Amino acid sequence: MEVKKAAMAGTLESSDAQVTVEPGNGTIELSIESSVIHQFGKQIKATILETLGRLDVTSAKVKVVDKGALDCTLKARVECAVYRSNDITENLPWGGVIK
Amino acid sequence: MINAVGRDIPEEVLKATGKKVFEGAYAYDNYEYTKAAPTVHAVCDPKRSKLVENIHEALVKCGIKDGMTISFHHHFREGDYIVNMVMEEIHNMGIKGITICASSLGKAHDPIVPMIEDGTIVGIQSSGVRGKIGEAISTGKLRDLAIMRSHGGRVRAIESGEVHIDIAFIGAPTCDEYGNMKANGGKSDCGVLSYAVVDAEYADKVVAITDCLVPFPNVPASISMVHVDYVCVVDAIGNPAKIATGAAKPTTDVRKIMMADYCTQFVINTPYFKEGFSYQTGVGGASIASTISLGKIMEERGIHMGLGLGGITTPMCNLLAKGLIRTLVDTQDFDMGAIESIKTNPNHIEITASEYANPFNKGAYVNKLDFVILASLEVDTNFNCNVVVGSDGMITGAQGGHPDTAAGAKCTIVIAPLLQGRIPAICSNVTTVTTPGETVDVVITDYGIAINPRRQDLIECMKDVKLPFKTIEELRDMAYAMVGEPDPVQFGDRVVGIIEARDGTIIDVVREIKEYEFKD
């Protein structure tokens, strides 16, 4: 999937994460801020990259501001931001369509 | 060198401090030592006044100079003005190299951080620190090692001479011109002056600071004139609204109420729950809820508490007022209700921090506890607790009486929600050990209760009790299954602080925090 324009999903509430995606220049440029970076930085990064991979996103600037979200929340926020960048806002393939 | 809780204490820290590694909670029982003594100046001329114009004059008369150790108490909690007031004057005088030995420091003292950066303050010894002072220590800004001591450990350190206080500054809600101090009757009442008593007895110079000068004699005094060199009257010693808040509303958080109910069920099924039992609890939502639910059962069964101890809150005072507690013994008051109670109820009494928790006197109140109900930031599978360093590695809490009461009580119960956001409270290794697992008997979470395997007697007496018992490893695994297994914090090499066990040995060290780096 191509990131066509800037899009955002999520909030800065505790246990959520705010994910912003922008069109990239051929690579994934990822920045992560997290209130639990020391304990979960590695897992957050892996989850984000894995989700982008499943969506077949290979070129994007991705910014994650995490407030202690669980992996399931991170996945959902990344998926939502990528869909929004494609103006897909209805009939989203939630619930594991994208494996 | 590896200590009794498995922590590696660097040789250079042992060398620099002359301290030994922690050998176990009761390793120093029957330890013989000679107490330190202050160097004092006699007041025998009745014409001499103790009153000074201001803090500056007090400092000059006390001979303030570079490198001194000065002390404070924390009964005014987040409403304290004394520390900042005195430090500002010391800073203005250009004095450097000061060590602060406080019973605790909080966010109210954020303004002293620039004085850490410019070398006015080089040492901090406290029960703990919060806010910006914690950040300053954790990021390596303090020259000397910070020392975190329990309330009992602080008394021991002062009485044994491990720390010598040059000047003690004691905020007193009321004081007379000769230095008799009381905790109540003024405009900034704090209930008790327990933590400051050892400062008065062991500091070379003692300055009473009050905003309510009363006629002589101000008796019965919490701290007597016989220890006081100077009396300084200022406009305000604290902000009453932050010294004591209204009683916390009983929690409506169902998770906390559930944990409180588990706690009460556990307590009443132990053999210690009987007429005359003794009990201490903290100020957390679950602790307060458990005090309230325990009170109901005491009333139903006609069982009375012989001794209620500790930092006191309104729910404990309510039990006292109902006649369900015989004596309430107090070292700190957390709300208005507690302060009102000590003013009016003759069975609510003030004790010193030494009487409360000093491991090196001839027996403290904590030794007589049946139950203590505590909280913890983290508990590991060895039941070690961490109440000082956040899971992100930043110093952000205080030992308080945690290790003292845990060591003293027959049944030490720690209540902690399994998860705080993504952070698991039950983990394989706590970030920093502040209370040794050998003194922690039960951990209550919202997902189950674990009894320390060292307490087979408690496991036996709970075998027919319908509570969700688990092993501590099961609790940790449940937490990790939900949030993932946390990585250890990436610390730098430099040690910035030590966690002192009650007996003065080193139970753990705190290292400088490092910017997080992704390792690919």
# chains A, B, ... in the order shown; residues from 1 in each chain; ligands from 1

$ interface_residues --of "chain A" --to "chain B" --cutoff "9 Å" --atoms "only C-alpha atoms" --output "list of chain:residue names"
A:Ser14, A:Ser15, A:Ser35, A:Val36, A:Ile37, A:His38, A:Gln39, A:Phe40, A:Gly41, A:Lys42, A:Gln43, A:Lys45, A:Lys67, A:Gly68, A:Ala69, A:Leu70, A:Asp71

$ write_last_selection --atoms "C-alpha atoms" --output "PDB file, in the first residue's frame"
ATOM      1  CA  SER A  14      -2.581   7.186  28.482  1.00  0.00           C
ATOM      2  CA  SER A  15      -2.363   3.655  26.991  1.00  0.00           C
ATOM      3  CA  SER A  35       6.655   6.907  27.878  1.00  0.00           C
ATOM      4  CA  VAL A  36       7.822   3.288  28.165  1.00  0.00           C
ATOM      5  CA  ILE A  37      10.704   3.491  25.680  1.00  0.00           C
ATOM      6  CA  HIS A  38      13.197   1.847  28.036  1.00  0.00           C
ATOM      7  CA  GLN A  39      11.128  -1.233  28.663  1.00  0.00           C
ATOM      8  CA  PHE A  40       9.281  -1.589  25.389  1.00  0.00           C
ATOM      9  CA  GLY A  41      11.132   0.449  22.733  1.00  0.00           C
ATOM     10  CA  LYS A  42      12.317  -2.667  20.940  1.00  0.00           C
ATOM     11  CA  GLN A  43       8.863  -4.249  20.916  1.00  0.00           C
ATOM     12  CA  LYS A  45       9.576  -0.684  16.905  1.00  0.00           C
ATOM     13  CA  LYS A  67       1.758   6.604  25.824  1.00  0.00           C
ATOM     14  CA  GLY A  68       2.113   2.992  26.894  1.00  0.00           C
ATOM     15  CA  ALA A  69      -0.184   1.426  24.271  1.00  0.00           C
ATOM     16  CA  LEU A  70      -0.382  -2.349  24.000  1.00  0.00           C
ATOM     17  CA  ASP A  71       0.768  -3.963  20.752  1.00  0.00           C
TER      18      ASP A  71
END

$ select_by_dssp --residues "chain A" --states "strand (DSSP E)" --output "ChimeraX atom specification"
/A:7-9,17-23,28-34,60-66

$ atom_distance --atom1 "CA of Arg54 in chain A" --atom2 "CA of Met1 in chain A"
9.4 Å

$ closest_residue --among "A:Ala17, A:Leu12, A:Ile48, A:Val78" --to "Leu30 in chain A" --atoms "only C-alpha atoms"
A:Ile48

$ residues_around --residues "Ile121 in chain B" --least-positions-apart "6" --cutoff "8 Å" --atoms "only C-alpha atoms" --output "MDAnalysis selection string"
chainID B and resid 96:100 115 142

$ residues_around --residues "Asp110 in chain B" --least-positions-apart "2" --cutoff "12 Å" --atoms "only C-alpha atoms" --output "ChimeraX atom specification"
/B:78,80-81,83-84,87,105-108,112-116,129-136

$ write_last_selection --atoms "N, CA and C atoms" --output "mmCIF file, in the first residue's frame"
data_model
loop_
_atom_site.group_PDB
_atom_site.id
_atom_site.type_symbol
_atom_site.label_atom_id
_atom_site.label_comp_id
_atom_site.auth_asym_id
_atom_site.auth_seq_id
_atom_site.Cartn_x
_atom_site.Cartn_y
_atom_site.Cartn_z
ATOM 1 N N GLU B 78 3.968 18.494 50.732
ATOM 2 C CA GLU B 78 4.095 19.334 49.541
ATOM 3 C C GLU B 78 3.771 20.806 49.819
ATOM 4 N N ASP B 80 5.555 22.506 52.108
ATOM 5 C CA ASP B 80 6.706 23.015 52.873
ATOM 6 C C ASP B 80 7.349 24.249 52.243
ATOM 7 N N TYR B 81 7.600 25.266 53.054
ATOM 8 C CA TYR B 81 8.339 26.445 52.600
ATOM 9 C C TYR B 81 9.758 26.489 53.173
ATOM 10 N N VAL B 83 12.507 24.415 53.467
ATOM 11 C CA VAL B 83 13.713 24.010 52.729
ATOM 12 C C VAL B 83 14.120 25.096 51.734
ATOM 13 N N ASN B 84 13.144 25.547 50.939
ATOM 14 C CA ASN B 84 13.472 26.541 49.907
ATOM 15 C C ASN B 84 13.928 27.861 50.527
ATOM 16 N N MET B 87 17.487 27.363 51.925
ATOM 17 C CA MET B 87 18.457 27.148 50.845
ATOM 18 C C MET B 87 18.666 28.407 50.017
ATOM 19 N N LEU B 105 12.083 14.667 50.703
ATOM 20 C CA LEU B 105 11.979 15.845 49.841
ATOM 21 C C LEU B 105 10.941 15.546 48.764
ATOM 22 N N GLY B 106 10.239 16.594 48.332
ATOM 23 C CA GLY B 106 9.191 16.361 47.332
ATOM 24 C C GLY B 106 9.228 17.379 46.223
ATOM 25 N N LYS B 107 8.123 17.412 45.478
ATOM 26 C CA LYS B 107 8.043 18.338 44.341
ATOM 27 C C LYS B 107 8.075 19.788 44.788
ATOM 28 N N ALA B 108 7.659 20.033 46.041
ATOM 29 C CA ALA B 108 7.688 21.408 46.563
ATOM 30 C C ALA B 108 9.107 21.965 46.534
ATOM 31 N N ILE B 112 15.177 24.027 44.374
ATOM 32 C CA ILE B 112 16.591 23.884 44.779
ATOM 33 C C ILE B 112 17.439 23.239 43.684
ATOM 34 N N VAL B 113 16.804 22.776 42.591
ATOM 35 C CA VAL B 113 17.570 22.094 41.539
ATOM 36 C C VAL B 113 18.710 22.947 40.967
ATOM 37 N N PRO B 114 18.472 24.251 40.678
ATOM 38 C CA PRO B 114 19.594 25.068 40.188
ATOM 39 C C PRO B 114 20.764 25.105 41.177
ATOM 40 N N MET B 115 20.485 24.932 42.470
ATOM 41 C CA MET B 115 21.557 24.942 43.476
ATOM 42 C C MET B 115 22.346 23.633 43.449
ATOM 43 N N ILE B 116 21.728 22.576 42.908
ATOM 44 C CA ILE B 116 22.480 21.335 42.683
ATOM 45 C C ILE B 116 23.417 21.566 41.503
ATOM 46 N N VAL B 129 13.129 11.196 46.829
ATOM 47 C CA VAL B 129 12.902 12.488 46.188
ATOM 48 C C VAL B 129 11.915 12.283 45.052
ATOM 49 N N ARG B 130 11.196 13.341 44.750
ATOM 50 C CA ARG B 130 10.294 13.280 43.608
ATOM 51 C C ARG B 130 10.604 14.454 42.699
ATOM 52 N N GLY B 131 9.870 14.546 41.603
ATOM 53 C CA GLY B 131 9.935 15.718 40.743
ATOM 54 C C GLY B 131 11.318 15.959 40.181
ATOM 55 N N LYS B 132 11.684 17.227 40.115
ATOM 56 C CA LYS B 132 12.899 17.623 39.393
ATOM 57 C C LYS B 132 14.178 17.249 40.138
ATOM 58 N N ILE B 133 14.133 17.124 41.466
ATOM 59 C CA ILE B 133 15.335 16.703 42.198
ATOM 60 C C ILE B 133 15.675 15.271 41.803
ATOM 61 N N GLY B 134 14.649 14.445 41.674
ATOM 62 C CA GLY B 134 14.861 13.063 41.238
ATOM 63 C C GLY B 134 15.500 13.015 39.862
ATOM 64 N N GLU B 135 15.006 13.857 38.966
ATOM 65 C CA GLU B 135 15.565 13.906 37.609
ATOM 66 C C GLU B 135 17.018 14.374 37.647
ATOM 67 N N ALA B 136 17.284 15.387 38.503
ATOM 68 C CA ALA B 136 18.643 15.924 38.594
ATOM 69 C C ALA B 136 19.614 14.844 39.075
#

$ residues_around --residues "range 51-53 of chain A" --least-positions-apart "3" --cutoff "9 Å" --atoms "only C-alpha atoms" --output "ChimeraX atom specification"
/A:1,28,46-48,56-58,74-76,78-79,82,99

$ closest_residue --among "A:Ile44, A:Arg77, A:Ala60, A:Glu50" --to "Val21 in chain A" --atoms "only C-alpha atoms"
A:Ala60

$ select_by_dssp --residues "range 254-370 of chain B" --states "alpha helix (DSSP H)" --output "VMD selection string"
chain B and resid 254 to 268 285 to 301 314 to 321 336 to 344 353 to 357

$ residues_around --residues "Ile297 in chain B" --least-positions-apart "4" --cutoff "10 Å" --atoms "only C-alpha atoms" --output "list of chain:residue names"
B:Thr264, B:Gln265, B:Ile268, B:Ile292, B:Ser293, B:Arg301, B:Gly302, B:Ile303
